[in-house]
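J.: Sharing a structure below in structure tokens format, with a few things to ask.
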Amino acid sequence: MKLMPCPLNGLRNISEFVCGGEVTEMPPAVTASDSDWAAYVFMENNAADVVREWWLHVTSGYWFIAERHTASDEILRTYPASELFPKRFDFEPLDDPTEDQGGSD
Amino acid sequence: MPFGLLKYGLSKSYPADPLIPPETELKSTYDLVIIGAGGHGLAAAYYLSRQHGINNIAVLDKGYLAGGNTARNTAIIRANYLTPEGVDFYKESMALWEGLSGEFNLNLLYSQRGHLTLAHTDGALRTMRWRAEVNKHMGVDSELAYADEVAQLCPQLNMSREARFPILGALYHPPGATARHDALAWGFARGASDRGVEIHQNTEVTGLKIDAGRITGVETTHGDISCGKVLQAVAGSSSLVAAMAGIKLPIRTIPLQACVSVPLKPFLDPIIVSGSLHVYIWQTARGEIVMGGSTDPYSLYSTRSSLEFKEGLMMHVLELFPFLGEVKLLRQWAGMADMTPDFSPIMGLTPIENYYIDSGWGTWGFKATPVAGFRMAECIATNRQPSLLEPFALDRFDTFLQVGERGAASVGH
């Protein structure tokens with residue numbers, strides 16, 4: 001069985017986890033175009049290399065970050081998301097709310 | 001006749017018919033370079049030379065002929081998809097399949113044996129009815145079968161109501177078929193070679209030369225080539241090759257594993273699939289039981305096999321066929337599937353004018369080999385997106401016009 005070192009729960013069977021995909025930078029919420037959003041949502045780097053990924057321990061509901069090599073499946077490091085995201089993320093407010101065409105507020 | 005056999009074996013004319021001619025040196029220029037000598041790349045070369053008179057083609061592969069996913073699938077052919085776009089596309093593929101053995105003069109062991117997609121819940125049964133109606137509307141032979149009919153079509157199935165997931169019915173697709181996967185690739189390779197196409201194995205593409213938005217050449221481990229057009233048909237490595245052309249794809253590379261049992265006496269005629277249990281099973285002409293399950297849970301560039309896969313798969317196989325409990329496994333393998341978010345392929349034109357793509361084949365590529373080659377050949381020869389491939393264009397992800405194909409196998413929907 002392959003094991004995943006969870007920063008919260010220690011070494012656990014990898015079948016207890018779900019991979020949430022690569023950690024990528026979100027485009028600016030207000031100014032991004034439709035194609036920027038499409039690229040952010042659908043496109044993948046899909047590199048054969050060490051990749052930084054979101055992982056979820058399902059039963060404890062804990063999201064964290066793992067650095068994994070996507071060719072050898074070796075997990076190099078795992079750590080809490082707070083290491084990359086030290087602050088709470090706030091969406092910047094619209095200057096003029098009537099400009100909002102996305103309807104996603 | 002041992003002496004006759006010896007004489008035949010030692011004679012200079014043996015083997016009488018090498019399928020493809022010995023490899024020559026790479027030329028410095030070709031009209032078209034096809035990256036990937038798998039089923040799809042070879043089929044495109046075959047139809048380009050046969051239908052469009054384009055034969056100054058080099059098909060390059062970093063490994064050997066058809067050693068990737070063409071050799072790593074479970075060889076099931078069907079057209080009973082859910083979306084009209086998908087049904088239309090696979091219907092054309094099945095029509096091509098039916099003529100290929102004769103066209104190649106090579107026995108593909110193409111065998112239409114019926115295909116049952118089991119339903120274990122009312123929800124699944126409703127989807128099967130939906131698929132059957134879409135199929136019939138598009139001219140594909142499918143119908144909904146209830147439990148009593150399923151028991152007649154496949155008496156070996158465990159129809160007990162005591163099972164964890166009892167069988168309530170199935171989508172029955174009489175033309176569902178199997179075929180020899182390697183023979184398909186060899187048939188296309190020979191047909192293309194006969195018309196002048198060169199196949200270069202062990203020739204890896206290491207870079208693409210792009211000048212002012214056009215491909216001008218290909219760098220390989222055996223030297224640089226200049227070329228008029230390039231097609232990439234590389235399945236699990238799609239993202240890596242497309243990245244050389246500066247194109248990003250909505251693809252994750254995820255392993256898909258399968259296995260076969262030791263040979264048994266023939267007992268199973270139809271192909272049995274369960275989308276809810278993630279199982280597909282059929283028996284080969286040699287008697288082996290071919291078994292596949294769902295894709296691995298996360299992305300990986302590897303063809304390793306895992307115990308988790310076999311445990312998960314066998315749990316459900318034994319529910320459908322409890323008498324297989326003592327049967328041993330003979331072989332296992334994995335392929336690297338290029339999965340798209342909508343379970344439909346990505347085919348046709350790209351942002352680069354003379355660069356074409358045939359990818360996003362996930363778990364549904366083998367059955368599409370003939371039609372993918374046929375229509376990609378048309379796309380390359382005319383430099384236009386054929387109407388059958390319109391729904392599968394790469395730019396559908398920009399315009400939010402995905403083709404959500406819930407008839408795809410071995411994936412969670």
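Ligands are numbered from 1 in the order shown, chains are lettered A, B, ... in the order of the structure tokens, and residues start at 1 in each chain.
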Using only C-alpha atoms, find each residue in region 60-118 of chain B having at least one atom no more than 8 Å away from region 27-48 of chain B; report its shortest atom-to-atom pair and that distance in Å (one decimal), rows by chain then rising number, as a tab-separated table.
T.:
residue	atom	partner	partner_atom	distance
B:Leu60	CA	B:Ile35	CA	5.1
B:Asp61	CA	B:Gly36	CA	4.8
B:Lys62	CA	B:Gly36	CA	7.6
B:Tyr64	CA	B:Ala37	CA	7.6
B:Leu65	CA	B:Ala37	CA	5.4
B:Ala66	CA	B:Gly38	CA	4.2
B:Gly67	CA	B:Gly38	CA	7.0
B:Gly68	CA	B:Gly38	CA	6.6
B:Asn69	CA	B:Gly38	CA	7.5
B:Thr70	CA	B:Gly39	CA	5.8
J.: Please return, as a ChimeraX atom specification, all residues of chain A lying within 10 Å of chain B when only C-alpha atoms are considered.
T.: /A:1-2,14-15,17-21,34-49,68-73
J.: Write out the residues from the selection above, keeping C-alpha atoms, as a short mmCIF file (atom, residue, chain, number, x, y, z; two decimals), in the first residue's frame.
T.:
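Final output, saved to part.cif:
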data_model
loop_
_atom_site.label_atom_id
_atom_site.label_comp_id
_atom_site.auth_asym_id
_atom_site.auth_seq_id
_atom_site.Cartn_x
_atom_site.Cartn_y
_atom_site.Cartn_z
CA MET A 1 0.00 0.00 0.00
CA LYS A 2 1.23 3.45 -0.81
CA ILE A 14 -3.16 6.95 0.15
CA SER A 15 -6.65 5.59 -0.61
CA PHE A 17 -6.89 10.91 0.21
CA VAL A 18 -8.14 12.71 -2.87
CA CYS A 19 -5.86 14.72 -5.13
CA GLY A 20 -7.20 18.21 -5.79
CA GLY A 21 -4.88 19.06 -8.67
CA ASP A 34 -13.56 34.71 -19.82
CA SER A 35 -10.64 33.05 -21.57
CA ASP A 36 -8.39 33.67 -18.54
CA TRP A 37 -10.98 31.90 -16.40
CA ALA A 38 -11.39 29.08 -18.92
CA ALA A 39 -7.62 28.58 -18.92
CA TYR A 40 -7.50 28.61 -15.11
CA VAL A 41 -10.36 26.15 -14.75
CA PHE A 42 -9.64 23.70 -17.60
CA MET A 43 -6.00 23.88 -18.72
CA GLU A 44 -3.34 21.74 -17.06
CA ASN A 45 0.44 21.92 -16.98
CA ASN A 46 0.43 18.11 -16.64
CA ALA A 47 4.23 18.13 -16.26
CA ALA A 48 6.29 14.97 -15.73
CA ASP A 49 8.23 16.53 -12.87
CA ARG A 68 5.10 14.81 -5.65
CA HIS A 69 7.08 13.60 -8.67
CA THR A 70 4.48 12.73 -11.31
CA ALA A 71 6.72 10.18 -13.05
CA SER A 72 8.13 8.24 -10.07
CA ASP A 73 5.13 8.87 -7.75
#
J.: Please run DSSP on the backbone and report, as a PyMOL selection string, all residues within region 182-291 of chain B that come out as alpha helix (DSSP H).
T.: chain B and resi 182-194+238-244
J.: So which residues touch Glu16 (chain A) within 10 Å, counting only C-alpha atoms, skipping near sequence neighbours fewer than 4 positions away, as a list in words?
T.: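 Once the nearby chain positions are removed, what remains is Leu3, Met4, Arg12, Leu56, His57, Val58, Thr59 and Ser60 of chain A.
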J.: Mind listing the strand (DSSP E or B) residues of region 241-383 of chain B, per DSSP on the backbone, as JSON, numbers by chain?
T.: {"B": [249, 252, 253, 254, 255, 256, 257, 258, 259, 260, 261, 271, 272, 273, 274, 279, 280, 281, 282, 283, 289, 290, 291, 292, 293, 294, 295, 329, 330, 331, 332, 333, 334, 335, 336, 337, 338, 339, 346, 347, 348, 349, 355, 356, 357, 358, 359]}
J.: Rounded to one decimal place, report the CA of Gly407 (chain B)-CA of Val234 (chain B) distance in Å.
T.: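 Value for the CA of Gly407 (chain B)-CA of Val234 (chain B) distance: 23.2 Å.
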J.: In Å to one decimal, how far is CA of Ala337 (chain B) from CA of Met315 (chain B)?
T.: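 Result for CA of Met315 (chain B) versus CA of Ala337 (chain B): 23.4 Å, one decimal.
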J.: Go ahead and compute the interatomic distance for CA of Gly217 (chain B) and CA of Thr369 (chain B), in Å to one decimal.
T.: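 Between CA of Gly217 (chain B) and CA of Thr369 (chain B) the gap is 26.3 Å.
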